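Visitor: Contents of final.txt (compact mmCIF, C-alpha atoms):
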# COMPACT_ATOMS: atom_id res chain seq x y z
CA MET C 285 41.36 -6.99 57.96
CA THR C 286 41.15 -10.71 58.83
CA TYR C 287 41.50 -13.13 55.94
CA PRO C 288 40.28 -16.74 56.23
CA THR C 289 42.66 -19.57 55.44
CA LEU C 290 41.79 -22.03 52.67
CA PRO C 291 41.26 -25.81 52.88
CA HIS C 292 44.21 -28.19 52.77
CA ARG C 293 43.29 -29.30 49.24
CA ARG C 294 42.11 -26.33 47.22
CA THR C 295 39.89 -26.33 44.14
CA TYR C 296 40.42 -23.83 41.34
CA ALA C 297 38.22 -22.23 38.70
CA VAL C 298 39.70 -20.43 35.68
CA ILE C 299 37.62 -17.65 34.13
CA GLY C 300 39.23 -16.92 30.78
CA THR C 301 40.98 -19.98 29.38
CA GLY C 302 43.28 -18.18 26.95
CA ALA C 303 47.03 -17.76 26.70
CA LEU C 304 47.35 -16.88 30.38
CA GLY C 305 44.50 -18.65 32.16
CA GLY C 306 44.88 -21.76 30.03
CA PHE C 307 48.60 -21.98 30.74
CA TYR C 308 48.43 -21.51 34.50
CA GLY C 309 45.31 -23.65 34.87
CA ALA C 310 46.87 -26.46 32.85
CA ARG C 311 50.02 -26.37 34.97
CA LEU C 312 47.95 -26.51 38.17
CA GLN C 313 45.98 -29.51 36.89
CA GLN C 314 49.16 -31.21 35.69
CA ALA C 315 50.50 -30.86 39.26
CA GLY C 316 47.42 -32.58 40.71
CA CYS C 317 45.06 -29.71 41.55
CA GLU C 318 41.35 -29.93 40.76
CA VAL C 319 40.74 -27.22 38.15
CA HIS C 320 37.53 -26.14 36.38
CA PHE C 321 37.76 -24.11 33.17
CA LEU C 322 35.19 -21.70 31.73
CA LEU C 323 35.47 -21.55 27.93
CA ARG C 324 33.53 -19.93 25.16
CA SER C 325 34.68 -20.42 21.55
CA ASP C 326 37.13 -23.24 22.42
CA TYR C 327 34.64 -25.30 24.43
CA GLU C 328 33.91 -28.05 21.88
CA VAL C 329 37.57 -28.52 20.91
CA VAL C 330 38.74 -28.73 24.52
CA ARG C 331 35.96 -31.12 25.47
CA GLN C 332 36.98 -33.45 22.64
CA LYS C 333 40.77 -33.06 22.57
CA GLY C 334 41.75 -31.51 25.89
CA LEU C 335 44.22 -28.68 26.47
CA VAL C 336 47.58 -28.64 24.69
CA VAL C 337 50.55 -26.64 26.00
CA LYS C 338 53.63 -26.21 23.83
CA SER C 339 56.25 -24.86 26.20
CA ILE C 340 59.95 -24.11 26.49
CA ASP C 341 59.74 -26.24 29.65
CA GLY C 342 58.39 -29.22 27.69
CA ASP C 343 55.16 -29.85 25.80
CA PHE C 344 52.25 -31.62 27.45
CA THR C 345 48.59 -32.39 26.85
CA LEU C 346 45.73 -32.70 29.32
CA PRO C 347 43.44 -35.12 27.47
CA GLN C 348 40.58 -34.57 29.91
CA VAL C 349 39.68 -31.29 31.58
CA ASN C 350 36.67 -30.01 33.51
CA ALA C 351 35.36 -27.70 30.78
CA TYR C 352 32.21 -25.56 30.93
CA ARG C 353 30.65 -22.97 28.69
CA ASP C 354 28.10 -21.79 31.26
CA VAL C 355 29.09 -20.58 34.72
CA ALA C 356 25.82 -21.98 36.08
CA GLU C 357 27.19 -25.50 35.48
CA MET C 358 30.43 -24.91 37.42
CA PRO C 359 30.94 -25.90 41.06
CA ALA C 360 31.88 -23.31 43.66
CA CYS C 361 35.66 -23.29 44.15
CA ASP C 362 38.16 -22.14 46.77
CA VAL C 363 40.18 -20.01 44.34
CA VAL C 364 38.68 -18.36 41.26
CA ILE C 365 41.34 -17.14 38.83
CA VAL C 366 40.17 -14.21 36.69
CA ALA C 367 42.24 -14.32 33.49
CA LEU C 368 39.87 -12.44 31.18
CA LYS C 369 40.95 -9.29 29.41
CA THR C 370 39.88 -6.28 31.49
CA THR C 371 37.72 -5.19 28.55
CA GLN C 372 35.40 -8.08 29.55
CA ASN C 373 35.15 -7.21 33.24
CA ASP C 374 31.57 -6.06 32.79
CA LEU C 375 30.78 -9.80 32.80
CA LEU C 376 32.20 -10.39 36.30
CA PRO C 377 29.03 -9.52 38.28
CA GLU C 378 27.33 -12.33 36.37
CA LEU C 379 30.25 -14.80 36.51
CA LEU C 380 31.74 -14.58 40.01
CA PRO C 381 29.11 -14.79 42.76
CA SER C 382 28.02 -18.39 42.22
CA ILE C 383 31.48 -19.96 41.82
CA VAL C 384 33.36 -18.50 44.82
CA LYS C 385 32.95 -20.56 47.98
CA PRO C 386 31.92 -18.60 51.10
CA GLY C 387 35.49 -18.78 52.43
CA GLY C 388 37.06 -18.59 48.98
CA VAL C 389 39.00 -15.92 47.14
CA VAL C 390 39.14 -14.35 43.68
CA LEU C 391 42.70 -14.13 42.33
CA VAL C 392 42.78 -11.37 39.69
CA LEU C 393 45.51 -12.16 37.13
CA GLN C 394 44.98 -9.13 34.91
CA ASN C 395 47.04 -6.23 33.67
CA GLY C 396 46.53 -2.68 34.86
CA LEU C 397 45.41 -0.87 37.97
CA GLY C 398 42.14 -0.35 39.82
CA ILE C 399 40.76 -3.82 39.05
CA GLU C 400 40.66 -5.26 42.56
CA PRO C 401 38.35 -2.51 43.88
CA GLU C 402 35.88 -3.37 41.10
CA VAL C 403 35.98 -7.07 42.00
CA ALA C 404 35.67 -6.20 45.70
CA GLU C 405 32.35 -4.51 44.98
CA ILE C 406 31.07 -7.86 43.69
CA VAL C 407 32.46 -10.34 46.25
CA GLY C 408 33.77 -8.19 49.13
CA SER C 409 37.25 -6.80 49.84
CA HIS C 410 38.23 -9.73 52.07
CA ARG C 411 37.77 -12.13 49.12
CA VAL C 412 40.13 -10.52 46.60
CA MET C 413 43.79 -11.02 45.73
CA GLY C 414 45.83 -9.68 42.82
CA GLY C 415 48.59 -11.14 40.70
CA MET C 416 50.94 -9.71 38.06
CA CYS C 417 52.13 -12.26 35.52
CA PHE C 418 55.48 -11.98 33.79
CA LEU C 419 54.63 -14.42 31.03
CA CYS C 420 55.23 -14.65 27.30
CA SER C 421 52.44 -16.90 26.06
CA ASN C 422 50.05 -16.95 23.09
CA LYS C 423 47.02 -19.01 22.13
CA ILE C 424 47.93 -20.32 18.66
CA ALA C 425 44.84 -22.46 17.97
CA PRO C 426 41.65 -23.47 19.81
CA GLY C 427 42.79 -25.25 22.97
CA VAL C 428 46.48 -24.85 22.07
CA ILE C 429 48.76 -22.55 24.07
CA HIS C 430 52.33 -21.65 23.15
CA HIS C 431 54.49 -20.72 26.14
CA LEU C 432 57.55 -18.85 24.85
CA ASP C 433 59.31 -17.45 27.90
CA TYR C 434 59.04 -16.57 31.59
CA LYS C 435 56.12 -17.55 33.85
CA GLN C 436 56.62 -15.81 37.20
CA ILE C 437 53.69 -14.33 39.14
CA THR C 438 53.98 -11.59 41.74
CA MET C 439 51.07 -12.09 44.12
CA GLY C 440 49.58 -9.93 46.84
CA ASP C 441 46.50 -9.81 49.03
CA TYR C 442 44.10 -6.88 48.72
CA ALA C 443 42.80 -4.43 51.32
CA ASP C 444 40.52 -1.43 50.81
CA GLY C 445 42.33 1.46 49.15
CA TYR C 446 45.26 -0.78 48.25
CA ALA C 447 46.62 -0.49 51.79
CA PRO C 448 49.58 -2.85 52.32
CA CYS C 449 48.46 -5.95 54.21
CA GLY C 450 51.54 -8.15 54.50
CA ILE C 451 51.75 -11.76 53.39
CA THR C 452 48.64 -13.66 54.47
CA ASP C 453 48.26 -17.36 55.19
CA ARG C 454 45.98 -17.90 52.20
CA GLN C 455 48.53 -16.13 50.00
CA LYS C 456 51.15 -18.65 51.15
CA GLN C 457 48.74 -21.53 50.48
CA ILE C 458 48.01 -20.46 46.90
CA ALA C 459 51.69 -19.71 46.27
CA GLN C 460 52.50 -23.26 47.38
CA ASP C 461 50.10 -24.73 44.78
CA PHE C 462 51.62 -22.65 41.98
CA GLU C 463 55.18 -23.43 43.03
CA GLN C 464 54.41 -27.16 43.06
CA ALA C 465 53.16 -26.64 39.49
CA GLY C 466 56.55 -25.16 38.54
CA ILE C 467 55.43 -21.51 38.59
CA PRO C 468 57.80 -19.18 40.45
CA ILE C 469 55.93 -16.91 42.87
CA VAL C 470 57.08 -13.61 44.33
CA GLN C 471 54.96 -12.84 47.39
CA SER C 472 54.33 -9.13 47.85
CA GLU C 473 53.31 -7.40 51.06
CA ASP C 474 52.06 -4.41 49.05
CA LEU C 475 49.78 -5.02 46.08
CA LEU C 476 49.74 -1.39 44.94
CA LEU C 477 53.54 -1.31 44.81
CA ALA C 478 53.57 -4.57 42.83
CA ARG C 479 50.97 -3.31 40.34
CA TRP C 480 52.92 -0.10 39.66
CA LYS C 481 56.07 -2.15 39.12
CA LYS C 482 54.28 -4.19 36.45
CA LEU C 483 53.03 -0.98 34.84
CA MET C 484 56.64 0.12 34.51
CA TRP C 485 56.87 -2.52 31.74
CA ASN C 486 53.31 -2.68 30.48
CA ILE C 487 52.84 1.02 29.79
CA PRO C 488 55.88 1.52 27.54
CA PHE C 489 56.08 -1.85 25.81
CA ASN C 490 52.40 -2.70 25.35
CA GLY C 491 51.63 0.84 24.23
CA LEU C 492 54.62 1.33 21.94
CA SER C 493 54.22 -2.11 20.38
CA VAL C 494 50.89 -0.90 18.93
CA VAL C 495 51.88 2.68 18.10
CA LEU C 496 55.23 1.69 16.55
CA ASP C 497 54.02 -1.64 15.09
CA ALA C 498 57.01 -3.43 16.58
CA THR C 499 58.01 -6.46 18.63
CA THR C 500 60.07 -6.10 21.81
CA ASP C 501 63.36 -7.02 20.13
CA ARG C 502 62.90 -4.40 17.40
CA MET C 503 62.14 -1.71 19.97
CA MET C 504 65.18 -2.62 22.06
CA ALA C 505 67.45 -2.68 19.00
CA ASP C 506 66.49 0.80 17.83
CA PRO C 507 68.08 3.65 19.87
CA HIS C 508 65.09 5.99 19.39
CA ALA C 509 62.46 3.45 20.41
CA ARG C 510 64.59 2.28 23.33
CA GLN C 511 65.02 5.85 24.55
CA LEU C 512 61.30 6.48 24.25
CA ALA C 513 60.59 3.35 26.31
CA THR C 514 63.13 4.51 28.89
CA ASP C 515 61.59 7.99 29.10
CA LEU C 516 58.13 6.44 29.56
CA MET C 517 59.42 4.17 32.32
CA GLN C 518 60.95 7.11 34.16
CA GLU C 519 57.68 9.00 33.90
CA VAL C 520 55.70 6.02 35.20
CA LEU C 521 58.20 5.78 38.05
CA ARG C 522 57.46 9.40 38.99
CA GLY C 523 53.70 8.81 38.93
CA ALA C 524 54.02 5.55 40.86
CA ASN C 525 56.02 7.08 43.70
CA ALA C 526 53.63 10.02 43.98
CA CYS C 527 50.75 7.56 44.46
CA LEU C 528 52.66 5.20 46.75
CA GLN C 529 53.73 7.99 49.08
CA GLN C 530 50.21 9.25 49.75
CA PRO C 531 49.35 9.11 53.48
CA LEU C 532 47.83 5.84 54.66
CA PRO C 533 44.65 5.75 56.76
CA ALA C 534 45.31 6.14 60.48
CA SER C 535 44.21 2.54 61.07
CA ILE C 536 47.01 1.19 58.85
CA LYS C 537 50.38 0.65 60.47
CA PRO C 538 53.40 1.58 58.28
CA SER C 539 55.25 -1.44 56.93
CA GLY C 540 58.59 -0.14 58.21
CA SER C 541 60.08 0.18 54.71
CA ASP C 542 59.85 2.89 52.10
CA ARG C 543 56.80 2.51 49.91
CA ALA C 544 58.57 3.42 46.67
CA ILE C 545 60.09 2.09 43.45
CA PHE C 546 63.79 2.89 43.16
CA ALA C 547 65.31 4.45 40.05
CA ASP C 548 67.47 1.43 39.19
CA PHE C 549 64.29 -0.57 38.53
CA VAL C 550 64.14 1.10 35.09
CA GLN C 551 67.40 -0.56 34.08
CA THR C 552 66.24 -3.87 35.55
CA MET C 553 63.18 -3.83 33.27
CA LEU C 554 65.28 -2.88 30.23
CA ASP C 555 67.67 -5.76 30.95
CA TYR C 556 64.76 -8.22 31.23
CA THR C 557 63.34 -7.01 27.93
CA GLU C 558 66.67 -7.24 26.15
CA LYS C 559 67.04 -10.90 27.18
CA MET C 560 63.46 -11.71 26.20
CA LYS C 561 62.86 -13.72 23.06
CA PRO C 562 61.30 -11.62 20.24
CA TYR C 563 57.79 -11.00 21.54
CA ARG C 564 54.61 -9.50 20.19
CA THR C 565 52.91 -8.08 23.28
CA SER C 566 49.40 -9.00 24.35
CA MET C 567 48.13 -5.55 23.36
CA LYS C 568 49.70 -5.86 19.91
CA LEU C 569 48.08 -9.28 19.47
CA ASP C 570 44.71 -7.78 20.43
CA TYR C 571 45.21 -4.89 18.03
CA ASP C 572 46.23 -7.13 15.13
CA ASP C 573 43.19 -9.34 15.74
CA ARG C 574 40.91 -6.28 16.04
CA ARG C 575 39.97 -7.01 19.64
CA PRO C 576 39.31 -4.21 22.16
CA LEU C 577 42.47 -2.90 23.79
CA GLU C 578 42.96 -2.72 27.57
CA VAL C 579 43.59 1.02 27.37
CA GLU C 580 41.66 2.08 30.47
CA ALA C 581 43.09 -0.51 32.88
CA ILE C 582 46.73 -0.10 31.77
CA PHE C 583 46.80 3.63 30.89
CA GLY C 584 43.65 5.46 31.95
CA ASN C 585 43.42 4.25 35.56
CA PRO C 586 47.10 4.92 36.40
CA LEU C 587 46.90 8.34 34.73
CA ARG C 588 43.87 9.29 36.79
CA MET C 589 45.41 8.00 40.01
CA ALA C 590 48.58 10.04 39.38
CA GLN C 591 46.56 13.13 38.43
CA ASN C 592 44.65 12.86 41.72
CA THR C 593 47.99 13.39 43.49
CA GLY C 594 48.75 16.44 41.33
CA ILE C 595 51.24 14.66 39.04
CA HIS C 596 50.96 15.11 35.26
CA LEU C 597 52.45 12.41 33.00
CA PRO C 598 52.58 13.97 29.51
CA LEU C 599 54.21 11.05 27.66
CA VAL C 600 51.80 8.52 29.16
CA GLN C 601 48.91 10.90 28.43
CA MET C 602 49.98 11.15 24.78
CA LEU C 603 50.30 7.36 24.46
CA TYR C 604 46.86 6.95 26.08
CA GLN C 605 45.25 9.33 23.58
CA GLN C 606 47.00 7.68 20.62
CA LEU C 607 45.81 4.24 21.73
CA LYS C 608 42.23 5.44 22.26
CA PHE C 609 42.22 6.74 18.68
CA LEU C 610 43.82 3.63 17.19
CA ASP C 611 41.52 1.34 19.16
CA SER C 612 38.37 3.13 18.01
CA GLN C 613 39.52 3.22 14.37
CA ASN C 614 40.59 -0.43 14.46
CA ARG C 615 37.18 -1.67 15.63
Using structure tokens, write down the structure that the file contains.

Guide:
Amino acid sequence: MTYPTLPHRRTYAVIGTGALGGFYGARLQQAGCEVHFLLRSDYEVVRQKGLVVKSIDGDFTLPQVNAYRDVAEMPACDVVIVALKTTQNDLLPELLPSIVKPGGVVLVLQNGLGIEPEVAEIVGSHRVMGGMCFLCSNKIAPGVIHHLDYKQITMGDYADGYAPCGITDRQKQIAQDFEQAGIPIVQSEDLLLARWKKLMWNIPFNGLSVVLDATTDRMMADPHARQLATDLMQEVLRGANACLQQPLPASIKPSGSDRAIFADFVQTMLDYTEKMKPYRTSMKLDYDDRRPLEVEAIFGNPLRMAQNTGIHLPLVQMLYQQLKFLDSQNR
């Protein structure tokens, strides 16, 4: 697949100006990029007072931002960042078409698996990229974002069926903008591999944070919860490698390296979590605030993909069913 390059100076739109979209969009604007923000409940506050970021890297305020509450008022942009919860993705057919330039791209910064194919149905496969954010950030008031820890994004271009497509020129261009904004970028040649790696953390810690009613530090400090998280990670690893090792279409050339996650990645994720400041996961925040949980994107889609290869993941299946019950009762 041929991907167009982007203009020298790129414009950005942020769909979902919350803890994630608000943080990254604010950093891009602070670094000099032209950024347009779609807001709903926070629109009036942000129009009057701007965006406030309280961060371990230093607090800052953007007194004036390009804020909109209707996508029809927004200009078409080169890069459209989707930072909504996946539970709101039914809105994307209405939101995306008018704000992506003909040569532009949609950068999906969402948790889970199977999201890019849905976006590709709206804008075309050649106009989709994915990103996995390792970010501890919460929205603590309208227009106020608290950045607690980490900020790295692993970014990859998308091809039909999640075939690996290398590092594209437009991927390098967008990475450059984020890096100039102080956001570390890991560029991935294989988006499916990168998404499964993120699920190695999201499935155990987002799920268990709700089921066990615990922050990351409490889970890591308790030997039973830590072992359960470890067992879940190892099961996700098994499902991931079964999916990654499926034969590629004949038209796709092998990358030359094993398409797999190695066993020591489990310990890497545990070490990261142990060093993390006490954190209430995004799913726990949603549950506590009685918002819909991203159960299908983070649990259901990976389960179904693994099952299609003949792999059964009983611990993940149990966590999925528990979360479906808790989510329905909570709302």

Visitor: Which polymer residues have any atom within 12 Å of an atom of range 512-522 of chain C, counting only C-alpha atoms, with same-chain residues fewer than 5 positions away left out, as an NGL selection string?

Guide: :C and (477 or 479-493 or 495-496 or 500 or 503-507 or 527-529 or 544-555 or 557 or 582-583 or 586-587 or 589-591 or 593-604)

Visitor: By how many Å are CA of Pro448 in chain C and CA of Ile469 in chain C apart?

Guide: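 So the two atoms, CA of Pro448 in chain C and CA of Ile469 in chain C, lie 18.1 Å apart.
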
Visitor: Using CA of Met560 in chain C and CA of Asp433 in chain C as the two end points, give the distance in Å to one decimal.

Guide: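 Taking CA of Met560 in chain C and CA of Asp433 in chain C, their separation equals 7.3 Å.
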
Visitor: Have a look at CA of Gln613 in chain C and CA of Gly584 in chain C and let me know their distance in Å, one decimal.

Guide: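 Going from CA of Gln613 in chain C over to CA of Gly584 in chain C, I get 18.2 Å.
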
Visitor: Using all atoms listed in the file, I'd like a table of the residues in range 417-515 of chain C that come within 12 Å of range 364-388 of chain C; for each, show the closest atom pair and its distance in Å rounded to one decimal, ordered by chain and ascending number, as a Markdown table.

Guide:
| residue | atom | partner | partner_atom | distance |
| --- | --- | --- | --- | --- |
| C:Cys417 | CA | C:Ala367 | CA | 10.3 |
| C:Arg454 | CA | C:Gly388 | CA | 9.5 |
| C:Gln455 | CA | C:Gly388 | CA | 11.8 |
| C:Ile458 | CA | C:Ile365 | CA | 11.0 |

Visitor: Using only C-alpha atoms, which of the listed residues (C:Arg293, C:His320, C:Lys338, C:His410) sits closest to Asp354 in chain C?

Guide: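 Nearest to Asp354 in chain C: C:His320.
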
Visitor: Between C:Ser566, C:Asn525, C:Ser409, C:Gln606, which one has atoms that come closest to Tyr287 in chain C, using all atoms listed in the file?

Guide: C:Ser409

Visitor: Skip Asp343 in chain C itself and residues of its chain fewer than 2 positions away, then list as a JSON list (two decimals) with C-alpha atoms, in the coordinates of the input all residues within 12 Å of it, counting all atoms listed in the file.

Guide:
[["chain", "number", "residue", "atom", "x", "y", "z"],
["C", 307, "PHE", "CA", 48.60, -21.98, 30.74],
["C", 310, "ALA", "CA", 46.87, -26.46, 32.85],
["C", 311, "ARG", "CA", 50.02, -26.37, 34.97],
["C", 314, "GLN", "CA", 49.16, -31.21, 35.69],
["C", 335, "LEU", "CA", 44.22, -28.68, 26.47],
["C", 336, "VAL", "CA", 47.58, -28.64, 24.69],
["C", 337, "VAL", "CA", 50.55, -26.64, 26.00],
["C", 338, "LYS", "CA", 53.63, -26.21, 23.83],
["C", 339, "SER", "CA", 56.25, -24.86, 26.20],
["C", 340, "ILE", "CA", 59.95, -24.11, 26.49],
["C", 341, "ASP", "CA", 59.74, -26.24, 29.65],
["C", 345, "THR", "CA", 48.59, -32.39, 26.85],
["C", 346, "LEU", "CA", 45.73, -32.70, 29.32],
["C", 428, "VAL", "CA", 46.48, -24.85, 22.07],
["C", 429, "ILE", "CA", 48.76, -22.55, 24.07],
["C", 430, "HIS", "CA", 52.33, -21.65, 23.15],
["C", 431, "HIS", "CA", 54.49, -20.72, 26.14],
["C", 432, "LEU", "CA", 57.55, -18.85, 24.85]]

Visitor: Excluding Pro347 in chain C and any residue of its chain fewer than 3 positions from it, enumerate the residues within 9 Å of it, using all atoms listed in the file, and give them as an MDAnalysis selection string.

Guide: chainID C and resid 330:336

Visitor: Using all atoms listed in the file, which residue out of C:Met567, C:Ile299, C:Cys449, C:Cys361 lies closest to Met285 in chain C?

Guide: C:Cys449

Visitor: So which one's closest to Ala360 in chain C, C:Ala315, C:Leu290, C:Ala297, C:Leu391? Using all atoms listed in the file, please.

Guide: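 Among C:Ala315, C:Leu290, C:Ala297, C:Leu391, it is C:Ala297 that comes nearest to Ala360 in chain C.
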
Visitor: Let me have the centre and edge lengths of the axis-aligned box enclosing all listed atoms of range 450-457 of chain C with 3 Å padding on every side, in Å to one decimal, as JSON.

Guide:
{"center_x": 48.9, "center_y": -14.8, "center_z": 52.6, "size_x": 11.8, "size_y": 19.4, "size_z": 11.2}

Visitor: Which polymer residues, protein or nucleic acid, are no farther than 12 Å from (48.3, -8.1, 17.9), counting only C-alpha atoms, as a tab-separated table (two decimals) with C-alpha atoms, keeping the file's coordinate frame?

Guide:
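Saved as result_24.tsv:
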chain	number	residue	atom	x	y	z
C	422	ASN	CA	50.05	-16.95	23.09
C	423	LYS	CA	47.02	-19.01	22.13
C	490	ASN	CA	52.40	-2.70	25.35
C	491	GLY	CA	51.63	0.84	24.23
C	493	SER	CA	54.22	-2.11	20.38
C	494	VAL	CA	50.89	-0.90	18.93
C	495	VAL	CA	51.88	2.68	18.10
C	497	ASP	CA	54.02	-1.64	15.09
C	498	ALA	CA	57.01	-3.43	16.58
C	499	THR	CA	58.01	-6.46	18.63
C	563	TYR	CA	57.79	-11.00	21.54
C	564	ARG	CA	54.61	-9.50	20.19
C	565	THR	CA	52.91	-8.08	23.28
C	566	SER	CA	49.40	-9.00	24.35
C	567	MET	CA	48.13	-5.55	23.36
C	568	LYS	CA	49.70	-5.86	19.91
C	569	LEU	CA	48.08	-9.28	19.47
C	570	ASP	CA	44.71	-7.78	20.43
C	571	TYR	CA	45.21	-4.89	18.03
C	572	ASP	CA	46.23	-7.13	15.13
C	573	ASP	CA	43.19	-9.34	15.74
C	574	ARG	CA	40.91	-6.28	16.04
C	575	ARG	CA	39.97	-7.01	19.64
C	576	PRO	CA	39.31	-4.21	22.16
C	577	LEU	CA	42.47	-2.90	23.79
C	611	ASP	CA	41.52	1.34	19.16
C	614	ASN	CA	40.59	-0.43	14.46

Visitor: Using only C-alpha atoms, which of the listed residues (C:Met413, C:Val390, C:Ile399, C:Val363) sits closest to Glu580 in chain C?

Guide: C:Ile399

Visitor: Pick the closest to Glu328 in chain C from C:Gly445, C:Pro426, C:Val355, C:Arg502: which is it, counting only C-alpha atoms?

Guide: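 Smallest separation from Glu328 in chain C among the options: C:Pro426.
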